[in-house]
file coords_31.pdb (PDB, C-alpha atoms)
ATOM      1  CA  MET A   1       0.000   0.000   0.000
ATOM      2  CA  SER A   2       1.313   3.441  -0.910
ATOM      3  CA  GLU A   3       1.736   6.036   1.838
ATOM      4  CA  ALA A   4      -1.419   8.121   2.165
ATOM      5  CA  ILE A   5      -1.143  11.907   2.270
ATOM      6  CA  ILE A   6      -3.126  13.671   4.996
ATOM      7  CA  ARG A   7      -4.275  17.187   4.141
ATOM      8  CA  THR A   8      -7.136  19.591   4.779
ATOM      9  CA  LEU A   9     -10.502  19.027   3.148
ATOM     10  CA  ARG A  10     -11.218  20.744  -0.187
ATOM     11  CA  ARG A  11     -14.570  21.269  -1.888
ATOM     12  CA  ASP A  12     -13.567  19.071  -4.815
ATOM     13  CA  ASP A  13     -13.240  16.176  -2.332
ATOM     14  CA  TYR A  14     -16.963  16.292  -1.513
ATOM     15  CA  PRO A  15     -18.358  13.873  -4.151
ATOM     16  CA  ALA A  16     -15.923  11.057  -3.344
ATOM     17  CA  LEU A  17     -16.423  11.471   0.396
ATOM     18  CA  ILE A  18     -20.211  11.624   0.152
ATOM     19  CA  ASP A  19     -20.028   8.341  -1.745
ATOM     20  CA  LEU A  20     -17.791   6.917   0.989
ATOM     21  CA  VAL A  21     -20.424   7.895   3.575
ATOM     22  CA  ARG A  22     -23.059   6.239   1.376
ATOM     23  CA  ARG A  23     -21.112   2.984   1.124
ATOM     24  CA  THR A  24     -20.382   2.995   4.848
ATOM     25  CA  TRP A  25     -23.824   3.758   6.303
ATOM     26  CA  TYR A  26     -26.434   3.813   3.530
ATOM     27  CA  ALA A  27     -25.560   0.805   1.365
ATOM     28  CA  GLU A  28     -28.952  -0.796   2.088
ATOM     29  CA  PHE A  29     -30.636   1.789  -0.155
ATOM     30  CA  ASP A  30     -30.378   2.115  -3.917
ATOM     31  CA  GLU A  31     -27.602   4.389  -5.118
ATOM     32  CA  ARG A  32     -29.719   7.527  -5.650
ATOM     33  CA  THR A  33     -31.434   7.280  -2.265
ATOM     34  CA  GLY A  34     -28.176   6.386  -0.550
ATOM     35  CA  LEU A  35     -26.403   9.373  -2.059
ATOM     36  CA  LEU A  36     -29.174  11.744  -0.966
ATOM     37  CA  ALA A  37     -29.084  10.328   2.554
ATOM     38  CA  ALA A  38     -25.292  10.555   2.622
ATOM     39  CA  GLU A  39     -25.450  14.148   1.360
ATOM     40  CA  ALA A  40     -27.922  15.095   4.113
ATOM     41  CA  ASP A  41     -25.703  13.443   6.717
ATOM     42  CA  TRP A  42     -22.552  15.012   5.242
ATOM     43  CA  GLU A  43     -23.950  18.538   5.154
ATOM     44  CA  ASN A  44     -25.278  18.207   8.691
ATOM     45  CA  CYS A  45     -21.780  17.274   9.848
ATOM     46  CA  LEU A  46     -20.158  20.165   7.965
ATOM     47  CA  ALA A  47     -22.677  22.521   9.569
ATOM     48  CA  ARG A  48     -20.843  22.030  12.879
ATOM     49  CA  THR A  49     -17.287  21.491  11.633
ATOM     50  CA  THR A  50     -14.270  23.737  12.200
ATOM     51  CA  ASN A  51     -11.432  21.307  11.357
ATOM     52  CA  ALA A  52     -11.505  18.769   8.526
ATOM     53  CA  PHE A  53      -8.775  16.465   7.245
ATOM     54  CA  ILE A  54      -8.739  13.809   4.565
ATOM     55  CA  ALA A  55      -6.320  11.075   3.594
ATOM     56  CA  GLU A  56      -5.547  10.904  -0.106
ATOM     57  CA  LEU A  57      -4.215   7.710  -1.650
ATOM     58  CA  ASP A  58      -3.256   7.550  -5.330
ATOM     59  CA  GLY A  59      -5.168  10.784  -5.912
ATOM     60  CA  GLN A  60      -8.394   9.604  -4.236
ATOM     61  CA  PRO A  61      -9.815  10.508  -0.793
ATOM     62  CA  VAL A  62      -9.965   7.331   1.299
ATOM     63  CA  ALA A  63     -10.540   8.679   4.814
ATOM     64  CA  LEU A  64     -12.039  11.688   6.530
ATOM     65  CA  ILE A  65     -12.039  13.062  10.050
ATOM     66  CA  VAL A  66     -13.768  16.290  11.011
ATOM     67  CA  GLY A  67     -14.049  18.043  14.333
ATOM     68  CA  ARG A  68     -15.628  21.028  15.965
ATOM     69  CA  VAL A  69     -13.981  23.397  18.423
ATOM     70  CA  ASP A  70     -16.672  25.588  19.945
ATOM     71  CA  ALA A  71     -14.357  28.593  20.338
ATOM     72  CA  LEU A  72     -13.505  28.533  16.613
ATOM     73  CA  ASP A  73     -17.047  28.381  15.227
ATOM     74  CA  HIS A  74     -18.488  31.848  14.711
ATOM     75  CA  ARG A  75     -21.141  30.865  12.155
ATOM     76  CA  SER A  76     -24.860  31.053  12.676
ATOM     77  CA  PRO A  77     -26.494  27.716  13.555
ATOM     78  CA  LEU A  78     -28.534  28.306  10.393
ATOM     79  CA  ASN A  79     -25.510  28.261   8.106
ATOM     80  CA  SER A  80     -25.379  27.170   4.469
ATOM     81  CA  HIS A  81     -24.471  23.559   5.301
ATOM     82  CA  ARG A  82     -27.475  23.249   7.636
ATOM     83  CA  ILE A  83     -29.740  24.536   4.874
ATOM     84  CA  ASN A  84     -28.163  22.127   2.392
ATOM     85  CA  SER A  85     -28.818  19.259   4.801
ATOM     86  CA  TRP A  86     -32.486  20.166   5.097
ATOM     87  CA  ASN A  87     -32.782  20.438   1.317
ATOM     88  CA  ALA A  88     -31.289  16.964   0.879
ATOM     89  CA  LEU A  89     -33.709  15.573   3.466
ATOM     90  CA  ALA A  90     -36.605  17.170   1.589
ATOM     91  CA  ARG A  91     -35.468  15.565  -1.681
ATOM     92  CA  LEU A  92     -35.283  12.208   0.068
ATOM     93  CA  VAL A  93     -39.061  12.216   0.501
ATOM     94  CA  PHE A  94     -39.467  11.672  -3.247
ATOM     95  CA  ALA A  95     -36.840   8.920  -3.547
ATOM     96  CA  LYS A  96     -37.428   5.180  -3.264
ATOM     97  CA  GLY A  97     -37.145   4.288   0.407
ATOM     98  CA  GLY A  98     -36.301   7.902   1.128
ATOM     99  CA  ILE A  99     -38.805   8.370   3.942
ATOM    100  CA  LYS A 100     -37.195   5.473   5.795
ATOM    101  CA  ALA A 101     -33.710   6.926   5.222
ATOM    102  CA  ALA A 102     -34.775  10.382   6.371
ATOM    103  CA  GLY A 103     -36.422   8.865   9.434
ATOM    104  CA  GLU A 104     -33.212   7.047  10.333
ATOM    105  CA  ILE A 105     -31.153  10.239  10.029
ATOM    106  CA  LEU A 106     -33.575  12.308  12.108
ATOM    107  CA  GLY A 107     -33.900   9.514  14.647
ATOM    108  CA  ILE A 108     -30.145   9.302  15.162
ATOM    109  CA  LEU A 109     -29.883  13.087  15.480
ATOM    110  CA  GLY A 110     -32.549  12.914  18.178
ATOM    111  CA  ILE A 111     -30.654  10.173  20.018
ATOM    112  CA  ASP A 112     -27.426  12.188  19.824
ATOM    113  CA  LYS A 113     -29.218  15.195  21.305
ATOM    114  CA  ARG A 114     -30.575  13.112  24.185
ATOM    115  CA  LEU A 115     -27.166  11.570  24.881
ATOM    116  CA  ARG A 116     -25.546  15.008  24.993
ATOM    117  CA  ALA A 117     -28.246  16.260  27.375
ATOM    118  CA  GLN A 118     -27.777  13.182  29.557
ATOM    119  CA  ALA A 119     -24.020  13.766  29.683
ATOM    120  CA  ALA A 120     -24.495  17.450  30.514
ATOM    121  CA  SER A 121     -26.929  16.632  33.327
ATOM    122  CA  ALA A 122     -24.241  14.379  34.827
ATOM    123  CA  GLY A 123     -21.734  17.260  34.794
ATOM    124  CA  HIS A 124     -19.841  16.421  31.599
ATOM    125  CA  ASP A 125     -18.988  19.524  29.577
ATOM    126  CA  TYR A 126     -16.917  19.644  26.406
ATOM    127  CA  ALA A 127     -15.293  22.298  24.246
ATOM    128  CA  ALA A 128     -14.847  20.073  21.196
ATOM    129  CA  GLU A 129     -16.353  17.170  19.278
ATOM    130  CA  VAL A 130     -15.114  14.557  16.832
ATOM    131  CA  VAL A 131     -18.001  15.040  14.416
ATOM    132  CA  LEU A 132     -17.320  12.413  11.762
ATOM    133  CA  PHE A 133     -14.660   9.770  11.208
ATOM    134  CA  VAL A 134     -14.852   7.403   8.242
ATOM    135  CA  LEU A 135     -12.254   5.203   6.591
ATOM    136  CA  ASP A 136     -12.566   3.243   3.356
ATOM    137  CA  PRO A 137     -12.387  -0.491   4.202
ATOM    138  CA  ALA A 138      -9.702  -0.930   1.530
ATOM    139  CA  ALA A 139      -7.436   1.475   3.440
ATOM    140  CA  ARG A 140      -7.768  -0.190   6.842
ATOM    141  CA  GLY A 141      -5.114  -2.168   8.637
ATOM    142  CA  HIS A 142      -2.198   0.132   7.782
ATOM    143  CA  GLY A 143      -2.309   2.593  10.695
ATOM    144  CA  LEU A 144      -4.132   5.265   8.699
ATOM    145  CA  GLY A 145      -6.983   5.542  11.194
ATOM    146  CA  ARG A 146      -4.493   6.214  13.974
ATOM    147  CA  ARG A 147      -2.717   8.866  11.877
ATOM    148  CA  MET A 148      -6.008  10.592  11.061
ATOM    149  CA  PHE A 149      -7.110  10.641  14.690
ATOM    150  CA  GLU A 150      -3.746  12.012  15.817
ATOM    151  CA  THR A 151      -4.002  14.759  13.187
ATOM    152  CA  LEU A 152      -7.295  15.956  14.653
ATOM    153  CA  MET A 153      -5.913  15.694  18.192
ATOM    154  CA  ASP A 154      -3.039  17.970  17.102
ATOM    155  CA  ALA A 155      -5.583  20.512  15.837
ATOM    156  CA  PHE A 156      -7.527  20.298  19.099
ATOM    157  CA  ARG A 157      -4.324  20.798  21.087
ATOM    158  CA  LEU A 158      -3.384  23.891  19.067
ATOM    159  CA  ALA A 159      -6.843  25.308  19.791
ATOM    160  CA  GLY A 160      -6.330  24.824  23.526
ATOM    161  CA  VAL A 161      -8.820  21.955  23.839
ATOM    162  CA  ARG A 162      -8.363  19.524  26.718
ATOM    163  CA  ASP A 163     -11.516  17.382  26.630
ATOM    164  CA  TYR A 164     -13.734  16.330  23.730
ATOM    165  CA  PHE A 165     -16.544  13.916  22.950
ATOM    166  CA  LEU A 166     -17.929  11.876  20.098
ATOM    167  CA  PHE A 167     -21.044   9.896  19.259
ATOM    168  CA  THR A 168     -20.727   6.339  18.019
ATOM    169  CA  ASP A 169     -22.810   3.189  17.744
ATOM    170  CA  THR A 170     -22.666  -0.531  17.163
ATOM    171  CA  THR A 171     -21.932  -0.069  13.439
ATOM    172  CA  CYS A 172     -18.557   1.485  14.297
ATOM    173  CA  ASP A 173     -15.296   0.144  15.698
ATOM    174  CA  VAL A 174     -15.825   1.206  19.308
ATOM    175  CA  GLY A 175     -12.663  -0.659  20.292
ATOM    176  CA  PHE A 176     -10.628   1.867  18.302
ATOM    177  CA  TYR A 177     -11.758   4.614  20.675
ATOM    178  CA  VAL A 178     -11.327   2.513  23.814
ATOM    179  CA  HIS A 179      -7.765   1.715  22.751
ATOM    180  CA  ARG A 180      -7.105   5.459  22.631
ATOM    181  CA  GLY A 181      -8.291   5.995  26.171
ATOM    182  CA  LEU A 182     -11.816   7.245  25.541
ATOM    183  CA  THR A 183     -14.486   6.202  28.028
ATOM    184  CA  GLN A 184     -18.211   5.662  27.590
ATOM    185  CA  VAL A 185     -20.335   8.260  29.356
ATOM    186  CA  CYS A 186     -23.846   7.221  28.370
ATOM    187  CA  GLU A 187     -25.718   4.795  26.143
ATOM    188  CA  GLN A 188     -29.121   4.362  24.545
ATOM    189  CA  SER A 189     -30.375   1.164  22.956
ATOM    190  CA  LEU A 190     -33.167   0.748  20.430
ATOM    191  CA  PRO A 191     -35.069  -2.479  19.764
ATOM    192  CA  ALA A 192     -34.291  -4.255  16.497
ATOM    193  CA  SER A 193     -36.415  -3.046  13.602
ATOM    194  CA  VAL A 194     -36.420  -6.544  12.110
ATOM    195  CA  PRO A 195     -37.196  -9.641  14.235
ATOM    196  CA  GLY A 196     -34.078 -11.691  14.909
ATOM    197  CA  GLU A 197     -31.643  -8.797  14.534
ATOM    198  CA  ASN A 198     -29.619  -7.476  17.437
ATOM    199  CA  PRO A 199     -30.765  -4.183  18.976
ATOM    200  CA  SER A 200     -28.832  -1.054  18.053
ATOM    201  CA  SER A 201     -26.909   0.820  20.713
ATOM    202  CA  PHE A 202     -25.705   4.405  20.568
ATOM    203  CA  TYR A 203     -23.016   5.873  22.791
ATOM    204  CA  LEU A 204     -21.380   9.108  23.851
ATOM    205  CA  TYR A 205     -17.658   8.715  24.551
ATOM    206  CA  GLU A 206     -15.313  11.299  26.025
ATOM    207  CA  GLY A 207     -11.573  11.688  25.806
ATOM    208  CA  SER A 208      -8.715  13.976  26.750
ATOM    209  CA  VAL A 209      -6.317  15.404  24.190
ATOM    210  CA  PRO A 210      -2.967  13.665  24.815
ATOM    211  CA  GLU A 211       0.184  15.598  25.494
ATOM    212  CA  PRO A 212       2.527  15.823  22.490
ATOM    213  CA  ALA A 213       4.990  12.962  22.225
TER     214      ALA A 213
END
call {"tool": "encode", "arguments": {"input": "coords_31.pdb", "output": "structure tokens"}}
result
Amino acid sequence: MSEAIIRTLRRDDYPALIDLVRRTWYAEFDERTGLLAAEADWENCLARTTNAFIAELDGQPVALIVGRVDALDHRSPLNSHRINSWNALARLVFAKGGIKAAGEILGILGIDKRLRAQAASAGHDYAAEVVLFVLDPAARGHGLGRRMFETLMDAFRLAGVRDYFLFTDTTCDVGFYVHRGLTQVCEQSLPASVPGENPSSFYLYEGSVPEPA
């Protein structure tokens, strides 16, 4: 495997990364519906992002990590990315299976909001968030995920951040975060939507920015 280059996100990276989000979380839908769902998810993440890095391999984006530092975000909550996310959700209504996809996105956003409120009520306060972290399966197993995470931690450190949080669920590699010292603060489980399937669990994890090596 060639050595991936880590750099800041550019607008011309968007299509490839939206498709990566589609393949990672919306593969159950047909391509058009999956892309609309991925676009809505993507734009919602960018609406609260202040730092974004991608890994480029052989000219193609293969990984993305984005974060938010509260002190660096001076945009209105109703920024252009939020509006774009709502527009993509509206277009989903007219796509095959789109109402289900939109319901899943809105449902997860609601769970995330409840987890954050639960953490806050228990005295957990954060100045930063790991908003989105996705890695192409073909690029796994070569330490790229670790490099990406360390790149965002460096950005958090430069911004004076000490503690941060992230949302994750059973579709993600929770062990990756545990290995890096993050701890689970709260959890919410949902019953399986299909009989025989395992229930889905959603988590809020917190971590501390490590000191530089």
call {"tool": "residues_around", "arguments": {"input": "coords_31.pdb", "residues": "Ser2 in chain A", "least_positions_apart": "6", "cutoff": "12 Å", "atoms": "all atoms listed in the file", "output": "VMD selection string"}}
result
chain A and resid 55 to 60 139 142 144
call {"tool": "write_last_selection", "arguments": {"input": "coords_31.pdb", "atoms": "C-alpha atoms", "output": "short mmCIF file (atom, residue, chain, number, x, y, z; two decimals), keeping the file's coordinate frame"}}
result
data_model
loop_
_atom_site.label_atom_id
_atom_site.label_comp_id
_atom_site.auth_asym_id
_atom_site.auth_seq_id
_atom_site.Cartn_x
_atom_site.Cartn_y
_atom_site.Cartn_z
CA ALA A 55 -6.32 11.08 3.59
CA GLU A 56 -5.55 10.90 -0.11
CA LEU A 57 -4.22 7.71 -1.65
CA ASP A 58 -3.26 7.55 -5.33
CA GLY A 59 -5.17 10.78 -5.91
CA GLN A 60 -8.39 9.60 -4.24
CA ALA A 139 -7.44 1.48 3.44
CA HIS A 142 -2.20 0.13 7.78
CA LEU A 144 -4.13 5.26 8.70
#
call {"tool": "residues_around", "arguments": {"input": "coords_31.pdb", "residues": "Arg82 in chain A", "least_positions_apart": "3", "cutoff": "12 Å", "atoms": "all atoms listed in the file", "output": "count of residues only"}}
result
21
call {"tool": "axis_aligned_box", "arguments": {"input": "coords_31.pdb", "around": "range 169-174 of chain A", "padding_each_side": "3 Å", "output": "lines of an AutoDock Vina configuration file"}}
result
center_x = -19.1
center_y = 1.3
center_z = 16.4
size_x = 13.5
size_y = 9.7
size_z = 11.9
call {"tool": "closest_residue", "arguments": {"input": "coords_31.pdb", "among": "A:Ala90, A:Ala138, A:Ile83, A:Leu132", "to": "Phe167 in chain A", "atoms": "all atoms listed in the file"}}
result
A:Leu132
call {"tool": "atom_distance", "arguments": {"input": "coords_31.pdb", "atom1": "CA of Lys113 in chain A", "atom2": "CA of Gly181 in chain A"}}
result
23.4 Å
call {"tool": "closest_residue", "arguments": {"input": "coords_31.pdb", "among": "A:Gly97, A:Pro61, A:Pro199, A:Gly110", "to": "Ala4 in chain A", "atoms": "only C-alpha atoms"}}
result
A:Pro61
call {"tool": "closest_residue", "arguments": {"input": "coords_31.pdb", "among": "A:Leu72, A:Leu135, A:Val185, A:Ala102", "to": "Tyr26 in chain A", "atoms": "all atoms listed in the file"}}
result
A:Ala102
call {"tool": "atom_distance", "arguments": {"input": "coords_31.pdb", "atom1": "CA of Tyr126 in chain A", "atom2": "CA of Arg162 in chain A"}}
result
8.6 Å
call {"tool": "closest_residue", "arguments": {"input": "coords_31.pdb", "among": "A:Ile105, A:Ala52, A:Leu36, A:Val130", "to": "Leu166 in chain A", "atoms": "only C-alpha atoms"}}
result
A:Val130
call {"tool": "residues_around", "arguments": {"input": "coords_31.pdb", "residues": "Val134 in chain A", "least_positions_apart": "4", "cutoff": "9 Å", "atoms": "only C-alpha atoms", "output": "ChimeraX atom specification"}}
result
/A:17,20-21,24,62-65,145
call {"tool": "atom_distance", "arguments": {"input": "coords_31.pdb", "atom1": "CA of Arg68 in chain A", "atom2": "CA of Asp163 in chain A"}}
result
12.0 Å
call {"tool": "closest_residue", "arguments": {"input": "coords_31.pdb", "among": "A:Phe53, A:Tyr14, A:Ala37, A:Asp173", "to": "Thr151 in chain A", "atoms": "all atoms listed in the file"}}
result
A:Phe53
call {"tool": "closest_residue", "arguments": {"input": "coords_31.pdb", "among": "A:Gly207, A:Pro15, A:Gly143, A:Gly103", "to": "Val178 in chain A", "atoms": "all atoms listed in the file"}}
result
A:Gly207
call {"tool": "residues_around", "arguments": {"input": "coords_31.pdb", "residues": "Cys172 in chain A", "least_positions_apart": "2", "cutoff": "10 Å", "atoms": "all atoms listed in the file", "output": "list in words"}}
result
Thr24, Trp25, Phe133, Val134, Thr168, Asp169, Thr170, Val174, Gly175, Phe176, Tyr177 and Phe202 of chain A
call {"tool": "residues_around", "arguments": {"input": "coords_31.pdb", "residues": "Asn51 in chain A", "least_positions_apart": "5", "cutoff": "8 Å", "atoms": "all atoms listed in the file", "output": "CSV table (one decimal) with C-alpha atoms, in the frame of the given file"}}
result
chain,number,residue,atom,x,y,z
A,66,VAL,CA,-13.8,16.3,11.0
A,67,GLY,CA,-14.0,18.0,14.3
A,68,ARG,CA,-15.6,21.0,16.0
A,69,VAL,CA,-14.0,23.4,18.4
A,152,LEU,CA,-7.3,16.0,14.7
A,155,ALA,CA,-5.6,20.5,15.8
call {"tool": "resolve_selection", "arguments": {"input": "coords_31.pdb", "expression": "the PyMOL selection byres ((chain A and resi 28) around 12)", "output": "list in words"}}
result
Arg22, Arg23, Thr24, Trp25, Tyr26, Ala27, Phe29, Asp30, Glu31, Arg32, Thr33, Gly34, Leu35, Ala37, Ala38, Lys96, Gly97, Gly98, Lys100 and Ala101 of chain A
call {"tool": "resolve_selection", "arguments": {"input": "coords_31.pdb", "expression": "the PyMOL selection byres ((chain A and resi 209) around 8)", "output": "list of chain:residue names"}}
result
A:Met153, A:Phe156, A:Arg157, A:Val161, A:Arg162, A:Asp163, A:Tyr164, A:Gly207, A:Ser208, A:Pro210, A:Glu211
call {"tool": "build_atoms", "arguments": {"input": "coords_31.pdb", "residues": "range 46-67 of chain A", "atoms": "N, CA and C atoms", "output": "PDB file, in the coordinates of the input"}}
result
ATOM      1  N   LEU A  46     -20.922  18.960   8.300  1.00  0.00           N
ATOM      2  CA  LEU A  46     -20.158  20.165   7.965  1.00  0.00           C
ATOM      3  C   LEU A  46     -20.742  21.409   8.631  1.00  0.00           C
ATOM      4  N   ALA A  47     -22.035  21.363   8.939  1.00  0.00           N
ATOM      5  CA  ALA A  47     -22.677  22.521   9.569  1.00  0.00           C
ATOM      6  C   ALA A  47     -22.089  22.808  10.946  1.00  0.00           C
ATOM      7  N   ARG A  48     -21.436  21.814  11.557  1.00  0.00           N
ATOM      8  CA  ARG A  48     -20.843  22.030  12.879  1.00  0.00           C
ATOM      9  C   ARG A  48     -19.358  21.673  12.888  1.00  0.00           C
ATOM     10  N   THR A  49     -18.693  21.851  11.763  1.00  0.00           N
ATOM     11  CA  THR A  49     -17.287  21.491  11.633  1.00  0.00           C
ATOM     12  C   THR A  49     -16.394  22.732  11.583  1.00  0.00           C
ATOM     13  N   THR A  50     -15.276  22.674  12.294  1.00  0.00           N
ATOM     14  CA  THR A  50     -14.270  23.737  12.200  1.00  0.00           C
ATOM     15  C   THR A  50     -12.927  23.215  11.698  1.00  0.00           C
ATOM     16  N   ASN A  51     -12.694  21.915  11.807  1.00  0.00           N
ATOM     17  CA  ASN A  51     -11.432  21.307  11.357  1.00  0.00           C
ATOM     18  C   ASN A  51     -11.755  20.051  10.564  1.00  0.00           C
ATOM     19  N   ALA A  52     -11.208  19.929   9.362  1.00  0.00           N
ATOM     20  CA  ALA A  52     -11.505  18.769   8.526  1.00  0.00           C
ATOM     21  C   ALA A  52     -10.254  18.328   7.782  1.00  0.00           C
ATOM     22  N   PHE A  53      -9.959  17.036   7.889  1.00  0.00           N
ATOM     23  CA  PHE A  53      -8.775  16.465   7.245  1.00  0.00           C
ATOM     24  C   PHE A  53      -9.158  15.205   6.484  1.00  0.00           C
ATOM     25  N   ILE A  54      -8.520  15.020   5.338  1.00  0.00           N
ATOM     26  CA  ILE A  54      -8.739  13.809   4.565  1.00  0.00           C
ATOM     27  C   ILE A  54      -7.404  13.116   4.333  1.00  0.00           C
ATOM     28  N   ALA A  55      -7.489  11.828   4.041  1.00  0.00           N
ATOM     29  CA  ALA A  55      -6.320  11.075   3.594  1.00  0.00           C
ATOM     30  C   ALA A  55      -6.505  10.784   2.116  1.00  0.00           C
ATOM     31  N   GLU A  56      -5.508  11.106   1.340  1.00  0.00           N
ATOM     32  CA  GLU A  56      -5.547  10.904  -0.106  1.00  0.00           C
ATOM     33  C   GLU A  56      -4.561   9.794  -0.476  1.00  0.00           C
ATOM     34  N   LEU A  57      -5.046   8.824  -1.224  1.00  0.00           N
ATOM     35  CA  LEU A  57      -4.215   7.710  -1.650  1.00  0.00           C
ATOM     36  C   LEU A  57      -4.361   7.546  -3.152  1.00  0.00           C
ATOM     37  N   ASP A  58      -3.238   7.644  -3.868  1.00  0.00           N
ATOM     38  CA  ASP A  58      -3.256   7.550  -5.330  1.00  0.00           C
ATOM     39  C   ASP A  58      -4.260   8.522  -5.944  1.00  0.00           C
ATOM     40  N   GLY A  59      -4.322   9.726  -5.370  1.00  0.00           N
ATOM     41  CA  GLY A  59      -5.168  10.784  -5.912  1.00  0.00           C
ATOM     42  C   GLY A  59      -6.615  10.734  -5.496  1.00  0.00           C
ATOM     43  N   GLN A  60      -7.002   9.748  -4.647  1.00  0.00           N
ATOM     44  CA  GLN A  60      -8.394   9.604  -4.236  1.00  0.00           C
ATOM     45  C   GLN A  60      -8.533   9.726  -2.720  1.00  0.00           C
ATOM     46  N   PRO A  61      -9.564  10.460  -2.237  1.00  0.00           N
ATOM     47  CA  PRO A  61      -9.815  10.508  -0.793  1.00  0.00           C
ATOM     48  C   PRO A  61     -10.262   9.137  -0.291  1.00  0.00           C
ATOM     49  N   VAL A  62      -9.609   8.641   0.761  1.00  0.00           N
ATOM     50  CA  VAL A  62      -9.965   7.331   1.299  1.00  0.00           C
ATOM     51  C   VAL A  62     -10.327   7.391   2.784  1.00  0.00           C
ATOM     52  N   ALA A  63     -10.200   8.545   3.403  1.00  0.00           N
ATOM     53  CA  ALA A  63     -10.540   8.679   4.814  1.00  0.00           C
ATOM     54  C   ALA A  63     -10.827  10.141   5.119  1.00  0.00           C
ATOM     55  N   LEU A  64     -11.644  10.338   6.134  1.00  0.00           N
ATOM     56  CA  LEU A  64     -12.039  11.688   6.530  1.00  0.00           C
ATOM     57  C   LEU A  64     -12.208  11.734   8.033  1.00  0.00           C
ATOM     58  N   ILE A  65     -11.728  12.790   8.657  1.00  0.00           N
ATOM     59  CA  ILE A  65     -12.039  13.062  10.050  1.00  0.00           C
ATOM     60  C   ILE A  65     -12.309  14.551  10.187  1.00  0.00           C
ATOM     61  N   VAL A  66     -13.405  14.882  10.825  1.00  0.00           N
ATOM     62  CA  VAL A  66     -13.768  16.290  11.011  1.00  0.00           C
ATOM     63  C   VAL A  66     -14.110  16.519  12.476  1.00  0.00           C
ATOM     64  N   GLY A  67     -13.804  17.702  12.936  1.00  0.00           N
ATOM     65  CA  GLY A  67     -14.049  18.043  14.333  1.00  0.00           C
ATOM     66  C   GLY A  67     -14.601  19.439  14.469  1.00  0.00           C
TER      67      GLY A  67
END
